[in-house]
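Undergrad: I am sharing my_file.txt, which consists of compact mmCIF, C-alpha atoms:
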# COMPACT_ATOMS: atom_id res chain seq x y z
CA MET A 1 82.71 101.36 110.36
CA ASN A 2 83.65 103.01 113.64
CA TYR A 3 86.39 100.88 115.18
CA GLU A 4 86.96 103.20 118.16
CA LEU A 5 90.71 103.10 117.67
CA PRO A 6 93.06 104.83 120.13
CA THR A 7 93.81 108.48 119.33
CA GLU A 8 97.45 107.79 118.45
CA ILE A 9 96.42 105.09 115.95
CA THR A 10 93.77 107.34 114.39
CA THR A 11 96.39 110.08 114.06
CA LEU A 12 98.82 107.59 112.51
CA LEU A 13 96.19 106.55 109.98
CA THR A 14 95.45 110.15 109.08
CA GLU A 15 99.14 110.84 108.51
CA LYS A 16 99.66 107.71 106.41
CA GLN A 17 96.45 107.79 104.36
CA SER A 18 97.08 107.97 100.64
CA ARG A 19 96.20 111.28 98.97
CA SER A 20 96.63 109.91 95.45
CA ASN A 21 93.72 109.74 93.02
CA THR A 22 95.31 106.91 91.05
CA PHE A 23 93.66 103.46 91.04
CA GLN A 24 90.80 104.61 93.27
CA HIS A 25 88.78 101.60 92.10
CA LEU A 26 91.32 99.36 93.87
CA ILE A 27 90.56 100.85 97.30
CA ARG A 28 88.53 98.07 98.88
CA GLN A 29 85.24 98.39 100.70
CA GLY A 30 86.37 96.96 104.02
CA GLY A 31 83.88 95.95 106.68
CA TYR A 32 85.94 93.38 108.62
CA MET A 33 84.83 93.05 112.23
CA PRO A 34 87.81 91.95 114.35
CA PRO A 35 87.37 89.77 117.45
CA ASN A 36 89.34 92.51 119.21
CA ASN A 37 90.76 95.85 118.14
CA ASP A 38 94.31 94.72 118.93
CA LEU A 39 94.39 92.97 115.55
CA LEU A 40 93.61 96.19 113.71
CA ILE A 41 95.90 98.29 115.88
CA ASP A 42 98.85 95.92 115.36
CA ALA A 43 98.29 95.65 111.59
CA ILE A 44 98.00 99.44 111.20
CA THR A 45 101.12 99.96 113.29
CA ALA A 46 103.16 97.44 111.30
CA LEU A 47 102.07 98.74 107.88
CA SER A 48 102.65 102.37 108.87
CA MET A 49 106.23 101.42 109.79
CA GLY A 50 106.78 99.84 106.38
CA LYS A 51 106.63 96.27 107.65
CA ASN A 52 104.93 93.37 105.85
CA VAL A 53 101.94 91.69 107.49
CA LEU A 54 101.10 87.98 107.25
CA LEU A 55 97.53 87.00 108.14
CA LYS A 56 97.39 83.41 109.35
CA GLY A 57 94.19 81.56 110.12
CA PRO A 58 91.54 79.06 109.01
CA THR A 59 89.68 79.36 105.74
CA GLY A 60 86.68 81.65 105.84
CA ALA A 61 87.89 83.48 108.97
CA GLY A 62 87.98 86.79 107.09
CA LYS A 63 91.64 87.24 106.16
CA THR A 64 90.88 88.75 102.75
CA LYS A 65 88.20 90.98 104.27
CA PHE A 66 90.75 92.09 106.86
CA ALA A 67 93.22 93.03 104.11
CA GLU A 68 90.49 94.92 102.26
CA THR A 69 89.63 96.80 105.45
CA LEU A 70 93.26 97.88 105.84
CA SER A 71 93.18 99.11 102.24
CA ASN A 72 90.06 101.10 103.10
CA LEU A 73 91.41 102.55 106.36
CA PHE A 74 94.63 103.70 104.69
CA ASN A 75 92.65 104.90 101.63
CA GLN A 76 95.25 102.88 99.76
CA PRO A 77 94.63 100.99 96.48
CA MET A 78 95.57 97.32 96.66
CA PHE A 79 96.82 95.10 93.84
CA SER A 80 96.28 91.38 94.38
CA VAL A 81 98.09 88.14 93.61
CA ASN A 82 96.26 84.82 94.00
CA CYS A 83 98.90 82.15 94.47
CA SER A 84 98.74 78.66 92.99
CA VAL A 85 101.17 76.02 91.81
CA ASP A 86 100.99 77.71 88.38
CA LEU A 87 102.18 81.08 89.69
CA ASP A 88 105.26 82.18 87.77
CA ALA A 89 107.42 85.27 87.31
CA GLU A 90 105.08 86.70 84.67
CA SER A 91 102.06 86.39 86.98
CA LEU A 92 103.94 88.34 89.65
CA LEU A 93 105.99 90.84 87.71
CA GLY A 94 104.45 91.21 84.25
CA PHE A 95 105.18 90.14 80.70
CA LYS A 96 106.45 91.30 77.33
CA THR A 97 104.13 91.71 74.38
CA LEU A 98 104.21 93.16 70.87
CA SER A 99 102.61 96.55 70.30
CA TYR A 100 102.74 99.32 67.71
CA GLN A 101 104.13 102.85 67.82
CA GLY A 102 102.66 104.30 64.69
CA GLU A 103 103.49 101.72 62.05
CA LYS A 104 106.51 100.40 63.91
CA GLN A 105 106.21 97.16 65.85
CA VAL A 106 107.88 97.28 69.28
CA ILE A 107 108.22 95.05 72.33
CA GLU A 108 106.35 96.47 75.31
CA PHE A 109 106.50 95.38 78.95
CA ILE A 110 103.13 95.12 80.72
CA PRO A 111 103.68 95.38 84.50
CA GLY A 112 102.12 92.80 86.82
CA PRO A 113 100.70 93.36 90.33
CA VAL A 114 104.05 93.43 92.17
CA ILE A 115 105.63 96.04 89.91
CA ASN A 116 102.39 98.04 89.69
CA ALA A 117 102.18 98.21 93.48
CA MET A 118 105.86 99.16 93.81
CA THR A 119 105.89 101.88 91.16
CA ASN A 120 102.62 103.42 92.33
CA GLY A 121 103.27 103.14 96.08
CA THR A 122 100.18 101.05 96.86
CA PHE A 123 99.42 97.94 98.88
CA LEU A 124 100.06 94.46 97.49
CA TYR A 125 97.93 91.55 98.71
CA ILE A 126 99.33 88.03 98.23
CA ASP A 127 96.60 85.49 98.91
CA GLU A 128 97.30 81.84 99.81
CA VAL A 129 101.01 82.62 99.76
CA ASN A 130 101.95 79.04 100.68
CA MET A 131 100.24 77.67 97.56
CA ALA A 132 103.06 79.00 95.37
CA LYS A 133 105.97 76.81 94.36
CA PRO A 134 108.96 77.30 96.72
CA GLU A 135 111.14 78.53 93.85
CA THR A 136 108.71 81.27 92.78
CA LEU A 137 108.39 83.59 95.79
CA PRO A 138 112.14 84.12 96.32
CA LEU A 139 111.89 86.29 93.19
CA ILE A 140 110.44 89.00 95.41
CA ASN A 141 112.58 88.53 98.55
CA GLY A 142 114.24 91.88 97.88
CA VAL A 143 110.83 93.51 97.70
CA LEU A 144 109.91 92.18 101.13
CA ASP A 145 113.00 93.27 103.06
CA TYR A 146 114.47 96.66 103.88
CA ARG A 147 115.77 97.11 100.31
CA ARG A 148 112.28 97.33 98.78
CA THR A 149 113.95 96.79 95.40
CA LEU A 150 113.63 94.38 92.52
CA THR A 151 115.59 93.73 89.35
CA ASN A 152 113.01 93.10 86.65
CA PRO A 153 114.24 89.94 84.86
CA PHE A 154 112.34 90.92 81.71
CA THR A 155 113.86 94.41 81.31
CA ASN A 156 116.89 94.39 83.67
CA GLU A 157 115.49 97.56 85.22
CA ILE A 158 116.09 98.09 88.96
CA ILE A 159 112.81 99.09 90.58
CA THR A 160 112.56 100.68 94.02
CA ALA A 161 109.19 100.86 95.72
CA LYS A 162 107.66 104.29 96.23
CA ASP A 163 106.52 105.55 99.63
CA GLY A 164 103.20 103.99 100.62
CA PHE A 165 104.05 100.55 99.28
CA GLY A 166 103.14 97.76 101.71
CA VAL A 167 102.65 94.01 101.54
CA ILE A 168 99.83 92.01 103.14
CA ALA A 169 99.85 88.24 102.68
CA ALA A 170 97.47 85.50 103.81
CA ILE A 171 98.11 81.85 104.55
CA ASN A 172 95.99 78.76 105.18
CA GLU A 173 98.14 76.16 106.91
CA GLY A 174 97.82 72.42 106.43
CA TYR A 175 95.77 72.49 103.23
CA ILE A 176 96.36 70.10 100.36
CA GLY A 177 98.69 71.75 97.86
CA THR A 178 100.28 74.09 100.41
CA VAL A 179 103.93 74.04 101.40
CA PRO A 180 105.55 75.41 104.58
CA LEU A 181 106.93 78.92 104.15
CA ASN A 182 110.72 78.89 104.19
CA GLU A 183 112.29 80.76 107.09
CA ALA A 184 113.80 83.47 104.88
CA LEU A 185 110.34 84.39 103.65
CA LYS A 186 108.53 84.04 106.99
CA ASN A 187 111.10 86.26 108.72
CA ARG A 188 110.13 89.11 106.41
CA PHE A 189 106.63 89.34 107.94
CA ILE A 190 104.89 90.43 111.11
CA VAL A 191 102.44 87.56 111.77
CA LEU A 192 98.85 88.06 112.94
CA GLU A 193 96.66 85.11 113.89
CA ILE A 194 93.13 85.64 112.56
CA PRO A 195 90.58 83.59 114.54
CA TYR A 196 86.96 82.88 113.70
CA ILE A 197 84.48 85.59 114.61
CA GLU A 198 81.95 84.46 117.21
CA GLY A 199 79.17 85.67 119.53
CA ASP A 200 77.98 89.28 119.45
CA GLN A 201 80.53 90.22 116.78
CA LEU A 202 79.26 87.50 114.46
CA SER A 203 75.71 88.62 115.14
CA GLN A 204 76.66 92.17 114.16
CA LEU A 205 78.50 90.90 111.08
CA ILE A 206 75.39 89.00 109.92
CA LYS A 207 73.26 92.12 110.37
CA SER A 208 75.68 94.35 108.47
CA ASN A 209 76.70 91.94 105.69
CA THR A 210 73.58 89.91 104.88
CA ASN A 211 69.88 90.50 104.22
CA LEU A 212 68.85 88.52 107.30
CA THR A 213 67.15 90.75 109.90
CA ASP A 214 65.18 88.27 112.02
CA GLU A 215 66.85 88.46 115.46
CA LYS A 216 65.86 84.94 116.50
CA GLN A 217 67.12 83.45 113.23
CA ILE A 218 70.39 85.35 113.56
CA GLU A 219 70.86 83.98 117.08
CA LEU A 220 70.33 80.43 115.79
CA PHE A 221 72.95 80.90 113.09
CA VAL A 222 75.40 82.31 115.64
CA ASN A 223 74.86 79.26 117.86
CA LEU A 224 75.22 76.92 114.88
CA SER A 225 78.52 78.61 113.98
CA SER A 226 79.77 78.20 117.55
CA ASP A 227 79.07 74.46 117.43
CA LEU A 228 80.74 74.13 114.03
CA ILE A 229 83.86 75.92 115.26
CA LYS A 230 83.96 73.70 118.35
CA ALA A 231 83.69 70.59 116.15
CA VAL A 232 86.56 71.84 113.98
CA THR A 233 88.81 72.44 117.01
CA GLN A 234 87.97 68.92 118.23
CA GLY A 235 88.95 67.43 114.87
CA LYS A 236 85.43 66.26 114.02
CA LEU A 237 85.09 68.55 110.99
CA SER A 238 87.37 70.15 108.42
CA GLU A 239 87.83 73.93 108.53
CA ASP A 240 85.55 74.41 105.51
CA ALA A 241 82.56 73.53 107.67
CA ALA A 242 83.12 76.50 109.98
CA SER A 243 83.81 79.07 107.25
CA ILE A 244 82.27 82.40 108.24
CA ARG A 245 81.95 83.24 104.55
CA ALA A 246 79.83 80.13 104.01
CA LEU A 247 77.71 80.92 107.07
CA LEU A 248 76.98 84.42 105.74
CA ASP A 249 75.89 82.86 102.44
CA ALA A 250 73.53 80.58 104.34
CA CYS A 251 72.10 83.57 106.22
CA ASP A 252 71.44 85.38 102.96
CA LEU A 253 69.75 82.37 101.34
CA SER A 254 67.62 81.73 104.43
CA VAL A 255 65.76 84.98 103.80
CA LEU A 256 64.02 83.32 100.83
CA ILE A 257 64.42 79.57 101.31
CA PRO A 258 64.23 77.33 104.43
CA ALA A 259 67.27 77.65 106.67
CA LYS A 260 68.12 73.93 106.53
CA ARG A 261 68.21 74.06 102.73
CA ALA A 262 70.30 77.23 102.85
CA ILE A 263 72.81 75.43 105.11
CA GLN A 264 72.76 72.44 102.75
CA ARG A 265 73.68 74.61 99.75
CA SER A 266 76.16 76.89 101.49
CA ILE A 267 77.95 74.54 103.90
CA VAL A 268 77.04 70.85 103.66
CA ASP A 269 77.46 70.38 99.91
CA LYS A 270 80.95 71.89 100.03
CA LEU A 271 82.20 69.09 102.27
CA ASP A 272 83.81 65.97 100.82
CA GLU A 273 83.22 63.34 103.47
CA GLU A 274 79.76 61.88 103.97
CA ARG A 275 80.44 61.62 107.70
CA GLU A 276 81.02 65.37 107.91
CA LYS A 277 77.96 66.12 105.79
CA GLU A 278 75.74 64.08 108.10
CA PHE A 279 77.27 65.72 111.17
CA VAL A 280 76.46 69.24 109.92
CA LYS A 281 72.97 68.24 108.73
CA ASN A 282 72.17 66.73 112.14
CA LEU A 283 73.47 69.85 113.83
CA ALA A 284 71.31 72.06 111.63
CA GLU A 285 68.30 69.90 112.50
CA THR A 286 68.70 70.72 116.18
CA TYR A 287 68.43 74.46 115.47
CA PHE A 288 66.10 74.71 112.47
Please lay out the structure from this file as structure tokens.
TA:
Amino acid sequence: MNYELPTEITTLLTEKQSRSNTFQHLIRQGGYMPPNNDLLIDAITALSMGKNVLLKGPTGAGKTKFAETLSNLFNQPMFSVNCSVDLDAESLLGFKTLSYQGEKQVIEFIPGPVINAMTNGTFLYIDEVNMAKPETLPLINGVLDYRRTLTNPFTNEIITAKDGFGVIAAINEGYIGTVPLNEALKNRFIVLEIPYIEGDQLSQLIKSNTNLTDEKQIELFVNLSSDLIKAVTQGKLSEDAASIRALLDACDLSVLIPAKRAIQRSIVDKLDEEREKEFVKNLAETYF
């Protein structure tokens, strides 16, 4: 995509783009369409300076797609960690296993995403970072500050990140199962608020990321999304109802099935409360 970035940012990207042929399959496709280019410019600037970036915003706003787009723009492979309450040191750093050298049995360390990203100088994406238990993430505090080092608890090896290493994390605030980030961790990030995409940008996103081509239908979905977002900000609906990801699914399905049924499958049935389900169904009725 042509983001029409300022010359100095384009030059910065060119200078910082990875030239390595390793892990090319982990360079993401990209395609995020920002509400304004300042988001991209600020993220590129921060990462090029070796700073960590925290993407904060509602579910379905495109945080993961944004991270993938940064991977694409920097031509930089990106290892990923999906946080949960079950996340432990092995999930982050790796684990020991038995292997054979000839006929001899040996203990081998298999690196996890954090160590892989550090030793290969790639990006690391930590999704839903506030889903992890508070005692787990401090394991990588040294990775996230100026030291860029880690003592591997499984091998006692001191690992220093190679040039090109960068951390992008994403957070959904206020969700069940999430915990507030402690200040020590939050202070290690540059924070970017990722809002919902609306209006002409959403229209363009639908055209470029779904099979829906009917201009009138696209306009109706854009208007529906605007009303859903407004209802979320007014506290009438949960954030799931306004997920852009879910809306794109509905657009895709509507090519072959009626739009109201597509909305039912992609948005309504994901909601828990009957009140919210009825609200979205009534809204869809007014458009389709």
Undergrad: Please compute the atom CA of A:Thr119-atom CA of A:Lys104 distance, one decimal, in Å.
TA: 27.3 Å
Undergrad: Write out as a list in words which residues come within 9 Å of A:Phe123 when counting all atoms listed in the file, dropping same-chain ones fewer than 3 positions away.
TA: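 In the requested format, the answer is Ser71, Gln76, Pro77, Met78, Phe79, Ser80, Ala117, Met118, Gly164, Phe165, Gly166, Val167 and Ile168 of chain A.
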Undergrad: Using all atoms listed in the file, can you tell me which of A:Asn116, A:Val222, A:Leu55, A:Ser266 comes closest to A:Leu205?
TA: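 Using all atoms listed in the file, A:Leu205 sits closest to A:Val222.
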Undergrad: From the list A:Ile158, A:Leu256, A:Leu73, A:Ala170, which residue is nearest A:Glu128 when using only C-alpha atoms?
TA: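 Counting only C-alpha atoms, the residue closest to A:Glu128 is A:Ala170.
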Undergrad: Residues around (75.4, 69.8, 105.3), cut-off 10 Å, counting all atoms listed in the file - what are they as a PyMOL selection string?
TA: chain A and resi 241+260-271+274-284
Undergrad: Would you mind listing, for every residue of stretch 85-201 of chain A within 9 Å of stretch 12-34 of chain A, the two atoms forming the shortest contact and the distance between them in Å to one decimal, using all atoms listed in the file, sorted by chain and ascending residue number, as JSON lines?
TA:
{"residue": "A:Asn120", "atom": "CA", "partner": "A:Thr22", "partner_atom": "CA", "distance": 8.2}
{"residue": "A:Thr122", "atom": "CA", "partner": "A:Ser18", "partner_atom": "CA", "distance": 8.5}
{"residue": "A:Gly164", "atom": "CA", "partner": "A:Ser18", "partner_atom": "CA", "distance": 7.3}
{"residue": "A:Ile194", "atom": "CA", "partner": "A:Pro34", "partner_atom": "CA", "distance": 8.4}
{"residue": "A:Pro195", "atom": "CA", "partner": "A:Pro34", "partner_atom": "CA", "distance": 8.8}
{"residue": "A:Ile197", "atom": "CA", "partner": "A:Pro34", "partner_atom": "CA", "distance": 7.2}
{"residue": "A:Gln201", "atom": "CA", "partner": "A:Met33", "partner_atom": "CA", "distance": 6.9}
Undergrad: Got a sec: who's within 9 Å of A:Phe95, counting all atoms listed in the file, leaving out chain neighbours fewer than 2 positions off, as a list of chain:residue names?
TA: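 So, after excluding close chain neighbours, the residues are A:Ala89, A:Glu90, A:Ser91, A:Leu93, A:Thr97, A:Glu108, A:Phe109, A:Ile110, A:Pro111, A:Gly112, A:Phe154.
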Undergrad: Point out the residue among A:Leu212, A:Leu5, A:Ile159, A:Ile218 with the least atom-to-atom distance to A:Ile44, counting all atoms listed in the file.
TA: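 Nearest candidate to A:Ile44 out of A:Leu212, A:Leu5, A:Ile159, A:Ile218: A:Leu5.
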Undergrad: Between atom CA of A:Asn82 and atom CA of A:Glu68, what is the distance in Å, rounded to a tenth?
TA: 14.3 Å
Undergrad: Any idea what the distance is between atom CA of A:Thr64 and atom CA of A:Ser243?
TA: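 Here the two named atoms are 12.8 Å from each other.
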Undergrad: Counting only C-alpha atoms, figure out which residue out of A:Ile257, A:Glu103, A:Thr45, A:Arg147 gets nearest to A:Ile9.
TA: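 Residue with the minimum atom-to-atom distance to A:Ile9: A:Thr45.
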